[in-house]
file model-v6.cif (mmCIF, C-alpha atoms and all ligand atoms)
data_structure
#
loop_
_atom_site.label_atom_id
_atom_site.label_comp_id
_atom_site.auth_asym_id
_atom_site.auth_seq_id
_atom_site.Cartn_x
_atom_site.Cartn_y
_atom_site.Cartn_z
CA MET Y 100 -83.18 -104.45 34.04
CA ALA Y 101 -80.11 -103.64 31.97
CA TYR Y 102 -78.84 -100.06 31.91
CA GLU Y 103 -78.62 -98.50 28.44
CA VAL Y 104 -75.20 -96.83 28.31
CA THR Y 105 -73.29 -95.34 25.38
CA PHE Y 106 -69.73 -96.68 25.22
CA ILE Y 107 -67.25 -94.71 23.12
CA ARG Y 108 -64.08 -96.77 22.78
CA GLY Y 109 -61.86 -93.82 21.79
CA ASP Y 110 -58.67 -94.19 19.77
CA GLY Y 111 -54.97 -94.80 20.45
CA THR Y 112 -54.95 -96.92 23.63
CA GLY Y 113 -58.68 -96.16 24.12
CA PRO Y 114 -60.01 -99.49 22.77
CA GLU Y 115 -57.74 -101.53 25.10
CA ILE Y 116 -58.64 -99.69 28.27
CA SER Y 117 -62.31 -99.59 27.21
CA GLU Y 118 -62.37 -103.37 26.80
CA ALA Y 119 -60.71 -103.88 30.21
CA THR Y 120 -63.23 -101.46 31.77
CA ARG Y 121 -66.22 -103.14 30.09
CA ARG Y 122 -65.11 -106.49 31.52
CA VAL Y 123 -64.73 -105.28 35.12
CA LEU Y 124 -68.02 -103.34 34.99
CA GLU Y 125 -69.87 -106.44 33.80
CA ALA Y 126 -68.12 -108.53 36.48
CA THR Y 127 -69.85 -106.44 39.18
CA GLY Y 128 -73.08 -108.22 38.20
CA VAL Y 129 -74.79 -105.02 37.04
CA ASP Y 130 -76.42 -105.53 33.62
CA PHE Y 131 -75.51 -103.16 30.80
CA ASN Y 132 -76.85 -102.87 27.32
CA TRP Y 133 -73.97 -101.03 25.64
CA ASP Y 134 -74.57 -98.80 22.65
CA TRP Y 135 -71.08 -98.88 21.09
CA GLN Y 136 -70.14 -95.68 19.29
CA ASP Y 137 -66.97 -94.56 17.55
CA ALA Y 138 -65.51 -91.06 17.51
CA GLY Y 139 -62.05 -89.64 16.88
CA VAL Y 140 -59.28 -89.87 14.32
CA ASP Y 141 -60.36 -93.07 12.54
CA VAL Y 142 -63.95 -91.87 12.13
CA TYR Y 143 -62.58 -88.53 10.88
CA ALA Y 144 -60.58 -90.33 8.18
CA ASP Y 145 -63.70 -92.24 7.02
CA GLU Y 146 -66.48 -89.72 7.50
CA GLY Y 147 -64.86 -86.26 7.54
CA THR Y 148 -66.04 -85.57 11.10
CA PRO Y 149 -64.56 -86.89 14.34
CA LEU Y 150 -67.94 -86.67 16.11
CA PRO Y 151 -70.80 -87.96 13.94
CA ASP Y 152 -74.30 -86.84 14.98
CA ARG Y 153 -75.21 -90.43 15.86
CA VAL Y 154 -72.80 -90.34 18.83
CA ILE Y 155 -74.54 -87.29 20.32
CA GLU Y 156 -77.93 -88.81 19.47
CA SER Y 157 -76.98 -92.00 21.30
CA ILE Y 158 -76.06 -90.06 24.47
CA ARG Y 159 -79.26 -88.02 24.22
CA GLN Y 160 -81.13 -91.34 24.28
CA THR Y 161 -79.16 -93.19 26.96
CA LYS Y 162 -78.27 -90.05 29.01
CA VAL Y 163 -75.11 -91.79 30.27
CA ALA Y 164 -71.85 -92.46 28.44
CA ILE Y 165 -68.44 -93.84 29.25
CA LYS Y 166 -65.65 -92.87 26.93
CA GLY Y 167 -62.07 -93.86 26.16
CA PRO Y 168 -59.64 -91.05 25.34
CA ILE Y 169 -59.67 -89.45 21.91
CA THR Y 170 -56.69 -87.93 20.09
CA THR Y 171 -56.86 -84.28 19.05
CA PRO Y 172 -54.27 -84.14 16.25
CA VAL Y 173 -52.32 -80.87 16.22
CA GLY Y 174 -53.06 -78.76 13.12
CA SER Y 175 -55.60 -81.19 11.58
CA GLY Y 176 -58.39 -78.64 11.65
CA PHE Y 177 -60.65 -80.78 13.80
CA ARG Y 178 -61.68 -79.42 17.15
CA SER Y 179 -61.37 -81.50 20.25
CA VAL Y 180 -64.18 -84.09 20.43
CA ASN Y 181 -63.98 -83.82 24.19
CA VAL Y 182 -64.69 -80.09 24.16
CA ALA Y 183 -67.45 -80.54 21.54
CA LEU Y 184 -69.21 -83.18 23.66
CA ARG Y 185 -69.11 -80.93 26.74
CA LYS Y 186 -70.63 -78.04 24.76
CA GLU Y 187 -73.27 -80.03 22.81
CA LEU Y 188 -74.58 -81.80 25.91
CA ASP Y 189 -74.11 -78.83 28.29
CA LEU Y 190 -71.85 -80.87 30.60
CA TYR Y 191 -70.95 -77.93 32.81
CA SER Y 192 -69.58 -79.78 35.84
CA CYS Y 193 -66.23 -81.53 35.63
CA GLN Y 194 -65.82 -83.85 38.62
CA ARG Y 195 -62.52 -85.43 39.55
CA PRO Y 196 -62.15 -87.42 42.76
CA SER Y 197 -58.45 -87.62 43.56
CA LYS Y 198 -57.76 -90.36 46.06
CA ALA Y 199 -54.36 -91.98 46.62
CA TYR Y 200 -54.60 -95.78 46.78
CA GLU Y 201 -52.15 -97.69 48.95
CA GLY Y 202 -49.42 -99.09 46.71
CA VAL Y 203 -49.35 -96.19 44.24
CA LYS Y 204 -46.14 -94.14 44.33
CA THR Y 205 -46.92 -90.65 45.58
CA ARG Y 206 -45.45 -88.02 47.86
CA PHE Y 207 -48.97 -87.44 49.21
CA PRO Y 208 -50.24 -90.88 50.27
CA GLU Y 209 -53.03 -89.32 52.38
CA SER Y 210 -54.55 -87.44 49.43
CA ASN Y 211 -58.31 -87.69 49.20
CA LEU Y 212 -59.69 -84.65 47.40
CA VAL Y 213 -62.54 -83.96 45.01
CA ILE Y 214 -62.08 -81.27 42.38
CA ILE Y 215 -65.22 -79.73 40.85
CA ARG Y 216 -64.42 -77.51 37.86
CA GLU Y 217 -66.79 -75.28 35.90
CA ASN Y 218 -66.52 -76.28 32.23
CA HIS Y 219 -67.99 -73.50 30.06
CA GLU Y 220 -67.18 -69.99 31.30
CA ASP Y 221 -64.14 -67.99 32.38
CA LEU Y 222 -61.10 -67.47 30.13
CA TYR Y 223 -61.96 -70.73 28.29
CA ALA Y 224 -65.22 -69.34 26.92
CA GLY Y 225 -63.40 -68.80 23.61
CA ILE Y 226 -63.99 -65.04 23.39
CA GLU Y 227 -60.67 -63.99 21.93
CA PHE Y 228 -59.32 -61.13 19.83
CA GLU Y 229 -56.18 -61.62 17.76
CA MET Y 230 -53.43 -59.03 18.15
CA GLY Y 231 -53.69 -56.39 15.40
CA SER Y 232 -57.11 -57.55 14.09
CA LYS Y 233 -59.79 -54.97 13.28
CA GLU Y 234 -61.91 -56.35 16.14
CA ALA Y 235 -59.04 -56.14 18.66
CA LEU Y 236 -58.25 -52.55 17.67
CA GLU Y 237 -61.94 -51.58 17.90
CA LEU Y 238 -62.21 -53.21 21.32
CA ILE Y 239 -59.14 -51.28 22.51
CA GLU Y 240 -60.84 -48.02 21.44
CA ASP Y 241 -64.16 -49.00 23.04
CA VAL Y 242 -62.60 -49.99 26.36
CA ASP Y 243 -60.71 -46.71 26.43
CA LYS Y 244 -63.96 -44.80 25.82
CA LEU Y 245 -65.97 -46.86 28.33
CA ILE Y 246 -63.66 -47.04 31.31
CA GLY Y 247 -60.63 -44.92 30.43
CA VAL Y 248 -58.17 -47.81 30.35
CA ARG Y 249 -55.91 -47.93 27.28
CA MET Y 250 -54.52 -51.34 26.34
CA ARG Y 251 -51.40 -51.47 24.18
CA GLU Y 252 -52.29 -51.82 20.49
CA ASP Y 253 -50.05 -54.86 20.15
CA SER Y 254 -52.20 -56.77 22.66
CA GLY Y 255 -54.01 -60.05 22.06
CA ILE Y 256 -57.13 -60.16 24.22
CA SER Y 257 -59.12 -62.96 25.92
CA ILE Y 258 -62.31 -62.16 27.79
CA LYS Y 259 -63.23 -63.74 31.11
CA PRO Y 260 -67.01 -63.98 31.58
CA ILE Y 261 -68.36 -65.44 34.83
CA SER Y 262 -72.15 -65.35 35.30
CA VAL Y 263 -74.52 -65.72 38.26
CA PHE Y 264 -76.28 -68.56 36.38
CA GLY Y 265 -73.03 -70.45 35.66
CA THR Y 266 -71.77 -69.99 39.23
CA GLU Y 267 -75.02 -71.01 40.91
CA ARG Y 268 -75.26 -74.28 39.03
CA ILE Y 269 -71.63 -75.36 39.45
CA VAL Y 270 -71.67 -74.54 43.15
CA ARG Y 271 -74.91 -76.52 43.58
CA SER Y 272 -73.36 -79.41 41.67
CA GLY Y 273 -70.36 -79.38 44.03
CA PHE Y 274 -72.55 -79.35 47.14
CA GLU Y 275 -74.81 -82.10 45.78
CA TYR Y 276 -71.68 -84.23 45.21
CA ALA Y 277 -70.56 -83.45 48.77
CA LYS Y 278 -73.95 -84.52 50.13
CA LYS Y 279 -74.12 -87.77 48.16
CA HIS Y 280 -70.55 -88.79 48.96
CA ARG Y 281 -70.57 -87.51 52.55
CA ARG Y 282 -67.70 -85.06 52.07
CA LYS Y 283 -67.26 -82.85 55.11
CA LYS Y 284 -66.08 -79.53 53.79
CA VAL Y 285 -66.43 -77.46 50.62
CA THR Y 286 -63.82 -74.87 49.61
CA LEU Y 287 -64.56 -72.25 46.95
CA ALA Y 288 -61.42 -71.04 45.15
CA HIS Y 289 -61.14 -67.58 43.59
CA LYS Y 290 -59.00 -64.51 43.01
CA ALA Y 291 -61.69 -62.01 43.98
CA ASN Y 292 -59.19 -59.61 45.50
CA ILE Y 293 -57.88 -58.81 41.99
CA MET Y 294 -60.75 -59.64 39.59
CA LYS Y 295 -63.59 -58.06 41.49
CA PHE Y 296 -66.32 -58.34 38.86
CA SER Y 297 -65.68 -61.89 37.62
CA ASP Y 298 -64.12 -63.80 40.53
CA GLY Y 299 -65.81 -61.33 42.91
CA LEU Y 300 -69.22 -62.29 41.49
CA TRP Y 301 -68.23 -65.98 41.71
CA LEU Y 302 -67.31 -65.60 45.38
CA LYS Y 303 -70.43 -63.63 46.32
CA THR Y 304 -72.77 -65.97 44.43
CA GLY Y 305 -71.08 -69.14 45.67
CA THR Y 306 -71.11 -67.94 49.28
CA ARG Y 307 -74.82 -67.13 49.02
CA ILE Y 308 -75.67 -70.61 47.67
CA ALA Y 309 -73.54 -72.23 50.40
CA GLU Y 310 -75.16 -70.25 53.23
CA GLU Y 311 -78.76 -70.33 52.01
CA GLU Y 312 -78.99 -73.84 50.56
CA TYR Y 313 -76.34 -76.00 52.27
CA PRO Y 314 -75.87 -74.67 55.82
CA GLU Y 315 -75.23 -78.24 57.10
CA ILE Y 316 -71.95 -78.56 55.16
CA ASP Y 317 -68.79 -76.72 56.28
CA PHE Y 318 -67.86 -74.02 53.79
CA GLU Y 319 -64.82 -71.79 53.35
CA GLU Y 320 -63.28 -69.71 50.57
CA ARG Y 321 -59.63 -69.55 49.56
CA ILE Y 322 -57.64 -67.32 47.24
CA ILE Y 323 -56.26 -69.59 44.52
CA ASP Y 324 -52.54 -68.94 45.10
CA ASN Y 325 -52.91 -69.55 48.84
CA LEU Y 326 -54.91 -72.72 48.06
CA CYS Y 327 -52.07 -74.08 45.87
CA ASN Y 328 -49.56 -73.41 48.62
CA GLN Y 329 -51.73 -75.11 51.24
CA LEU Y 330 -52.57 -78.11 49.06
CA VAL Y 331 -48.95 -79.21 49.22
CA MET Y 332 -48.30 -78.00 52.79
CA ARG Y 333 -51.48 -79.28 54.49
CA PRO Y 334 -53.53 -81.32 51.99
CA GLU Y 335 -55.46 -83.02 54.81
CA GLU Y 336 -57.30 -79.74 55.46
CA TYR Y 337 -59.05 -79.92 52.08
CA ASP Y 338 -61.91 -82.12 51.02
CA LEU Y 339 -63.98 -80.90 48.06
CA ILE Y 340 -62.88 -77.83 46.10
CA ILE Y 341 -65.04 -75.91 43.60
CA LEU Y 342 -63.14 -73.85 41.03
CA PRO Y 343 -63.82 -71.70 37.97
CA ASN Y 344 -62.65 -73.16 34.65
CA LEU Y 345 -58.99 -72.04 34.40
CA TYR Y 346 -57.97 -72.61 38.03
CA GLY Y 347 -59.93 -75.89 37.93
CA ASP Y 348 -57.95 -77.08 34.92
CA ILE Y 349 -54.66 -76.41 36.67
CA VAL Y 350 -55.60 -77.65 40.15
CA SER Y 351 -57.12 -80.87 38.80
CA ASP Y 352 -53.76 -81.77 37.22
CA LEU Y 353 -52.04 -80.88 40.49
CA ALA Y 354 -54.47 -83.20 42.30
CA ALA Y 355 -53.83 -86.00 39.73
CA GLY Y 356 -50.10 -85.61 40.42
CA MET Y 357 -50.74 -85.86 44.16
CA ILE Y 358 -52.42 -89.27 43.79
CA GLY Y 359 -49.70 -90.81 41.63
CA GLY Y 360 -50.35 -89.60 38.12
CA LEU Y 361 -52.52 -89.97 35.07
CA GLY Y 362 -52.85 -93.74 35.10
CA VAL Y 363 -55.08 -93.59 38.18
CA ALA Y 364 -57.01 -90.31 37.77
CA PRO Y 365 -60.74 -90.68 36.91
CA GLY Y 366 -63.25 -88.04 35.90
CA ALA Y 367 -66.74 -87.17 34.74
CA ASN Y 368 -68.38 -84.32 32.88
CA ILE Y 369 -71.93 -83.90 34.05
CA GLY Y 370 -74.86 -81.64 33.20
CA ASP Y 371 -78.48 -81.51 34.30
CA GLU Y 372 -79.50 -84.15 31.75
CA TYR Y 373 -76.44 -86.09 30.61
CA ALA Y 374 -73.25 -87.52 32.09
CA VAL Y 375 -70.04 -88.64 30.35
CA PHE Y 376 -67.44 -90.57 32.35
CA GLU Y 377 -63.82 -90.54 31.18
CA ALA Y 378 -60.23 -90.81 32.39
CA VAL Y 379 -58.23 -87.60 32.85
CA HIS Y 380 -55.44 -88.90 30.60
CA GLY Y 381 -55.26 -88.80 26.81
CA SER Y 382 -54.94 -91.53 24.19
CA ALA Y 383 -51.20 -92.22 24.85
CA PRO Y 384 -50.88 -93.27 21.17
CA LYS Y 385 -47.30 -94.54 21.45
CA TYR Y 386 -48.59 -97.48 23.53
CA ALA Y 387 -51.55 -98.29 21.23
CA GLY Y 388 -52.12 -102.01 20.64
CA LYS Y 389 -49.34 -103.05 23.06
CA ASN Y 390 -51.52 -104.20 25.98
CA VAL Y 391 -49.35 -102.29 28.49
CA ILE Y 392 -51.29 -99.17 29.46
CA ASN Y 393 -52.93 -98.85 32.89
CA PRO Y 394 -56.76 -98.94 32.62
CA THR Y 395 -57.36 -97.89 36.27
CA ALA Y 396 -58.38 -94.32 35.45
CA LEU Y 397 -61.20 -95.43 33.14
CA MET Y 398 -62.18 -98.22 35.55
CA LEU Y 399 -62.48 -95.68 38.38
CA SER Y 400 -64.51 -93.46 36.02
CA GLY Y 401 -66.71 -96.57 35.73
CA VAL Y 402 -66.97 -96.61 39.55
CA MET Y 403 -68.20 -93.00 39.34
CA MET Y 404 -70.72 -94.08 36.69
CA LEU Y 405 -72.02 -96.87 38.94
CA HIS Y 406 -72.56 -94.30 41.73
CA HIS Y 407 -74.34 -92.04 39.22
CA LEU Y 408 -76.65 -94.98 38.36
CA GLU Y 409 -77.16 -95.44 42.12
CA GLU Y 410 -75.51 -98.86 41.98
CA ASP Y 411 -73.51 -97.91 45.08
CA ALA Y 412 -72.83 -101.46 46.29
CA ALA Y 413 -71.39 -102.46 42.89
CA ALA Y 414 -69.37 -99.23 42.80
CA ASP Y 415 -67.85 -99.95 46.22
CA ALA Y 416 -67.14 -103.58 45.29
CA LEU Y 417 -65.31 -102.55 42.10
CA GLU Y 418 -63.36 -99.79 43.85
CA ASN Y 419 -62.32 -102.22 46.62
CA ALA Y 420 -61.24 -104.86 44.07
CA ILE Y 421 -59.11 -102.27 42.22
CA ALA Y 422 -57.63 -101.03 45.53
CA ASP Y 423 -56.80 -104.62 46.60
CA VAL Y 424 -54.97 -105.43 43.35
CA ILE Y 425 -53.00 -102.16 43.53
CA ARG Y 426 -52.13 -102.71 47.22
CA GLU Y 427 -50.87 -106.24 46.53
CA GLY Y 428 -48.69 -104.80 43.73
CA LYS Y 429 -48.29 -108.14 41.95
CA ASN Y 430 -50.68 -108.11 38.97
CA VAL Y 431 -50.25 -104.43 38.10
CA THR Y 432 -49.15 -102.55 34.97
CA TYR Y 433 -45.62 -101.16 34.50
CA ASP Y 434 -46.44 -97.69 35.85
CA LEU Y 435 -47.53 -99.14 39.21
CA LYS Y 436 -44.32 -101.16 39.68
CA PRO Y 437 -41.33 -99.75 41.63
CA THR Y 438 -39.43 -99.25 38.35
CA ARG Y 439 -40.89 -98.73 34.88
CA ASP Y 440 -38.90 -101.63 33.35
CA ASP Y 441 -39.93 -104.17 36.01
CA PRO Y 442 -40.24 -107.51 34.17
CA THR Y 443 -43.05 -108.67 36.50
CA ALA Y 444 -45.46 -105.97 35.22
CA VAL Y 445 -48.61 -107.44 33.68
CA GLY Y 446 -50.56 -106.18 30.66
CA THR Y 447 -53.81 -104.20 30.54
CA SER Y 448 -56.01 -107.29 30.12
CA GLN Y 449 -54.21 -109.36 32.80
CA TYR Y 450 -54.66 -106.49 35.26
CA ALA Y 451 -58.40 -106.60 34.46
CA ASP Y 452 -58.35 -110.40 35.02
CA ALA Y 453 -56.89 -109.86 38.52
CA ILE Y 454 -59.67 -107.39 39.40
CA ILE Y 455 -62.36 -109.71 38.04
CA GLU Y 456 -60.96 -112.52 40.19
CA LYS Y 457 -61.32 -110.30 43.30
CA LEU Y 458 -64.92 -109.51 42.36
CA GLY Y 459 -65.46 -113.28 42.48
P1 LIG E 1 -51.55 -88.68 27.40
O1 LIG E 1 -52.33 -88.58 28.67
O2 LIG E 1 -52.17 -89.45 26.30
O3 LIG E 1 -50.17 -89.40 27.71
C1 LIG E 1 -49.00 -88.81 28.18
C2 LIG E 1 -48.11 -89.87 28.81
O4 LIG E 1 -48.64 -90.18 30.10
C3 LIG E 1 -48.11 -91.20 28.06
O5 LIG E 1 -47.17 -91.23 27.04
C4 LIG E 1 -47.79 -92.16 29.19
O6 LIG E 1 -46.40 -92.16 29.46
C5 LIG E 1 -48.52 -91.56 30.37
N1 LIG E 1 -49.86 -92.14 30.52
C6 LIG E 1 -51.04 -91.58 30.18
N2 LIG E 1 -52.05 -92.40 30.47
C7 LIG E 1 -51.50 -93.50 30.99
C8 LIG E 1 -52.04 -94.73 31.49
N3 LIG E 1 -53.36 -94.96 31.48
N4 LIG E 1 -51.19 -95.67 31.94
C9 LIG E 1 -49.88 -95.46 31.94
N5 LIG E 1 -49.28 -94.32 31.51
C10 LIG E 1 -50.09 -93.36 31.04
O7 LIG E 1 -51.21 -87.19 26.96
P2 LIG E 1 -50.78 -86.60 25.55
O8 LIG E 1 -49.70 -87.46 24.95
O9 LIG E 1 -50.56 -85.17 25.81
O10 LIG E 1 -52.09 -86.71 24.66
C11 LIG E 1 -52.30 -87.66 23.62
C12 LIG E 1 -53.58 -87.30 22.89
O11 LIG E 1 -54.73 -87.45 23.76
C13 LIG E 1 -53.63 -85.86 22.38
O12 LIG E 1 -54.16 -85.86 21.08
C14 LIG E 1 -54.57 -85.16 23.36
O13 LIG E 1 -55.23 -84.07 22.75
C15 LIG E 1 -55.53 -86.27 23.69
N6 LIG E 1 -56.21 -86.10 24.99
C16 LIG E 1 -57.46 -86.60 25.09
C17 LIG E 1 -58.14 -86.53 26.29
C18 LIG E 1 -59.52 -87.09 26.36
O14 LIG E 1 -59.93 -87.84 25.47
N7 LIG E 1 -60.27 -86.76 27.38
C19 LIG E 1 -57.53 -85.96 27.42
C20 LIG E 1 -56.22 -85.49 27.31
C21 LIG E 1 -55.56 -85.56 26.08
#
call {"tool": "encode", "arguments": {"input": "model-v6.cif", "output": "structure tokens", "more": "lines below"}}
Ligand code: NAD
result
Amino acid sequence: MAYEVTFIRGDGTGPEISEATRRVLEATGVDFNWDWQDAGVDVYADEGTPLPDRVIESIRQTKVAIKGPITTPVGSGFRSVNVALRKELDLYSCQRPSKAYEGVKTRFPESNLVIIRENHEDLYAGIEFEMGSKEALELIEDVDKLIGVRMREDSGISIKPISVFGTERIVRSGFEYAKKHRRKKVTLAHKANIMKFSDGLWLKTGTRIAEEEYPEIDFEERIIDNLCNQLVMRPEEYDLIILPNLYGDIVSDLAAGMIGGLGVAPGANIGDEYAVFEAVHGSAPKYAGKNVINPTALMLSGVMMLHHLEEDAAADALENAIADVIREGKNVTYDLKPTRDDPTAVGTSQYADAIIEKLG
């Protein structure tokens, strides 16, 4: 039976890497019935919205989507499609496995981490007060009255909500990932020593879920600054790390850097009902239409999707084929060659051909 999956090509270099990814996914032998959907700058030009309702409707039907990157033009007035999708579909768990493949240039060749980031709460909840606005000035008065702390009147203010509900579900999602993928240890990152009521609540709630519901998996907590220090000093001590939104944003880029950069960093945004798989990188518009960009990140997001569909054998076969082609270093894109102007670099589609050949 074919899987119904929504495929959003994206814009910029999105269509090229989406096509390469479609081809390798189909070469695993798993049957897909793609529902192709467009979102982003071109749709915005034609329809006045970058995210037509039919895209969301499609994902509500199929429950699973894979998506090429989408440009968020600066100052155009349209909000990020990526953020809108996460909100509309309640995709609260951002999952980024960060594994260094042999043959990729990195200072941390042993890296093999998973970053689980909460997507909705924390300082990114969008509760903000502009400096000098009526609301900001009122809030300054109210806070003074409530707790006797006086902020300067020329302050801009962002609020950091962290709830028991939001923490419980992201921590469970991290542990469930650890169980399915046989990860040995879970680390919960926080700054509870300073932010006692937000990060403190996160730490207390996360520790309770770990102890009561997942006693079989090793668990530890780390203060975020110490964690960053240790990730570069002793990365082998870390396995799966669960972080609130802001720290998760930063540490997932750190982890992508540790495995050799954006070209090879996959991801997924997952909720209780829907899952959207996408590369960490953006639309790299300056390379659009040139058949040069590295499609590995979206292909590895496809590997994550195969695991999500419980097609584990196909997922492993595709991951191994990608790893083999990268290790051999011959049929790889410019960013995986020793120098960026290496004339032996192949294009996006030829790289996909080499992977398909390995899949036999
Ligand atoms: P970017 O990730 O698109 O590219 C930055 C640079 O990284 C590129 O110029 C290129 O040198 C390198 N790079 C990125 N992906 C690569 C790949 N697959 N292979 C080889 N090299 C690669 O970042 P940006 O330029 O900041 O963003 C461009 C647009 O994408 C922006 O509008 C941004 O908002 C959007 N964006 C979208 C997503 C998403 O759809 N999830 C994520 C991040 C950024």
call {"tool": "closest_residue", "arguments": {"input": "model-v6.cif", "among": "Y:Gly305, Y:Pro168, Y:Pro334, Y:Gly202", "to": "Y:Leu353", "atoms": "only C-alpha atoms"}}
result
Y:Pro334
call {"tool": "atom_distance", "arguments": {"input": "model-v6.cif", "atom1": "atom CA of Y:Gly111", "atom2": "atom CA of Y:Asp137"}}
result
12.3 Å
call {"tool": "closest_residue", "arguments": {"input": "model-v6.cif", "among": "Y:Ile261, Y:Leu222, Y:Ile425, Y:Val379", "to": "Y:Trp301", "atoms": "only C-alpha atoms"}}
result
Y:Ile261
call {"tool": "residues_near_ligand", "arguments": {"input": "model-v6.cif", "ligand": "ligand LIG 1 (chain E)", "cutoff": "6 Å", "atoms": "all atoms listed in the file", "output": "PDB file with C-alpha atoms, keeping the file's coordinate frame"}}
result
ATOM      1  CA  PRO Y 168     -59.640 -91.050  25.340  1.00  0.00           C
ATOM      2  CA  ILE Y 169     -59.670 -89.450  21.910  1.00  0.00           C
ATOM      3  CA  THR Y 170     -56.690 -87.930  20.090  1.00  0.00           C
ATOM      4  CA  THR Y 171     -56.860 -84.280  19.050  1.00  0.00           C
ATOM      5  CA  PRO Y 172     -54.270 -84.140  16.250  1.00  0.00           C
ATOM      6  CA  ASN Y 181     -63.980 -83.820  24.190  1.00  0.00           C
ATOM      7  CA  LEU Y 361     -52.520 -89.970  35.070  1.00  0.00           C
ATOM      8  CA  GLY Y 362     -52.850 -93.740  35.100  1.00  0.00           C
ATOM      9  CA  VAL Y 379     -58.230 -87.600  32.850  1.00  0.00           C
ATOM     10  CA  HIS Y 380     -55.440 -88.900  30.600  1.00  0.00           C
ATOM     11  CA  GLY Y 381     -55.260 -88.800  26.810  1.00  0.00           C
ATOM     12  CA  SER Y 382     -54.940 -91.530  24.190  1.00  0.00           C
ATOM     13  CA  ALA Y 383     -51.200 -92.220  24.850  1.00  0.00           C
ATOM     14  CA  ILE Y 392     -51.290 -99.170  29.460  1.00  0.00           C
ATOM     15  CA  ASN Y 393     -52.930 -98.850  32.890  1.00  0.00           C
ATOM     16  CA  PRO Y 394     -56.760 -98.940  32.620  1.00  0.00           C
ATOM     17  CA  ASP Y 434     -46.440 -97.690  35.850  1.00  0.00           C
TER      18      ASP Y 434
END
call {"tool": "closest_residue", "arguments": {"input": "model-v6.cif", "among": "Y:Ala288, Y:Leu190, Y:Ala355, Y:Val263", "to": "Y:Asn325", "atoms": "all atoms listed in the file"}}
result
Y:Ala288
call {"tool": "closest_residue", "arguments": {"input": "model-v6.cif", "among": "Y:Lys303, Y:Lys244, Y:Arg271, Y:Lys295", "to": "Y:Arg216", "atoms": "all atoms listed in the file"}}
result
Y:Arg271
call {"tool": "closest_residue", "arguments": {"input": "model-v6.cif", "among": "Y:Thr148, Y:Ile358, Y:His289, Y:Leu458", "to": "Y:Glu201", "atoms": "all atoms listed in the file"}}
result
Y:Ile358
call {"tool": "closest_residue", "arguments": {"input": "model-v6.cif", "among": "Y:Asn368, Y:Asn292, Y:Thr306, Y:Ser257", "to": "Y:Ile226", "atoms": "all atoms listed in the file"}}
result
Y:Ser257
call {"tool": "residues_around", "arguments": {"input": "model-v6.cif", "residues": "stretch 115-131 of chain Y", "least_positions_apart": "6", "cutoff": "7 Å", "atoms": "all atoms listed in the file", "output": "number ranges by chain"}}
result
Y: 100-104, 108, 167, 390, 394, 397-398, 401, 413, 417, 447-448, 451, 454-455, 458
call {"tool": "residues_around", "arguments": {"input": "model-v6.cif", "residues": "Y:Tyr313", "least_positions_apart": "2", "cutoff": "12 Å", "atoms": "only C-alpha atoms", "output": "MDAnalysis selection string"}}
result
chainID Y and resid 270:278 283:285 305:311 315:318
call {"tool": "atom_distance", "arguments": {"input": "model-v6.cif", "atom1": "atom CA of Y:Glu220", "atom2": "atom CA of Y:Glu234"}}
result
21.1 Å
call {"tool": "atom_distance", "arguments": {"input": "model-v6.cif", "atom1": "atom CA of Y:Thr432", "atom2": "atom CA of Y:Ser400"}}
result
17.9 Å
call {"tool": "residues_around", "arguments": {"input": "model-v6.cif", "residues": "Y:Ile165", "least_positions_apart": "6", "cutoff": "8 Å", "atoms": "only C-alpha atoms", "output": "NGL selection string"}}
result
:Y and (104-107 or 375-377 or 400-401 or 404)
call {"tool": "residues_near_point", "arguments": {"input": "model-v6.cif", "point": "(-50.5, -108.9, 39.4)", "cutoff": "12 Å", "atoms": "only C-alpha atoms", "output": "short mmCIF file (atom, residue, chain, number, x, y, z; two decimals) with C-alpha atoms, keeping the file's coordinate frame"}}
result
data_model
loop_
_atom_site.label_atom_id
_atom_site.label_comp_id
_atom_site.auth_asym_id
_atom_site.auth_seq_id
_atom_site.Cartn_x
_atom_site.Cartn_y
_atom_site.Cartn_z
CA ILE Y 421 -59.11 -102.27 42.22
CA ASP Y 423 -56.80 -104.62 46.60
CA VAL Y 424 -54.97 -105.43 43.35
CA ILE Y 425 -53.00 -102.16 43.53
CA ARG Y 426 -52.13 -102.71 47.22
CA GLU Y 427 -50.87 -106.24 46.53
CA GLY Y 428 -48.69 -104.80 43.73
CA LYS Y 429 -48.29 -108.14 41.95
CA ASN Y 430 -50.68 -108.11 38.97
CA VAL Y 431 -50.25 -104.43 38.10
CA THR Y 432 -49.15 -102.55 34.97
CA TYR Y 433 -45.62 -101.16 34.50
CA LEU Y 435 -47.53 -99.14 39.21
CA LYS Y 436 -44.32 -101.16 39.68
CA PRO Y 442 -40.24 -107.51 34.17
CA THR Y 443 -43.05 -108.67 36.50
CA ALA Y 444 -45.46 -105.97 35.22
CA VAL Y 445 -48.61 -107.44 33.68
CA GLY Y 446 -50.56 -106.18 30.66
CA THR Y 447 -53.81 -104.20 30.54
CA SER Y 448 -56.01 -107.29 30.12
CA GLN Y 449 -54.21 -109.36 32.80
CA TYR Y 450 -54.66 -106.49 35.26
CA ALA Y 451 -58.40 -106.60 34.46
CA ASP Y 452 -58.35 -110.40 35.02
CA ALA Y 453 -56.89 -109.86 38.52
CA ILE Y 454 -59.67 -107.39 39.40
CA ILE Y 455 -62.36 -109.71 38.04
CA GLU Y 456 -60.96 -112.52 40.19
CA LYS Y 457 -61.32 -110.30 43.30
#
call {"tool": "residues_around", "arguments": {"input": "model-v6.cif", "residues": "Y:Glu240", "least_positions_apart": "6", "cutoff": "10 Å", "atoms": "only C-alpha atoms", "output": "JSON, numbers by chain"}}
result
{"Y": [234, 247, 248, 249, 250, 252]}
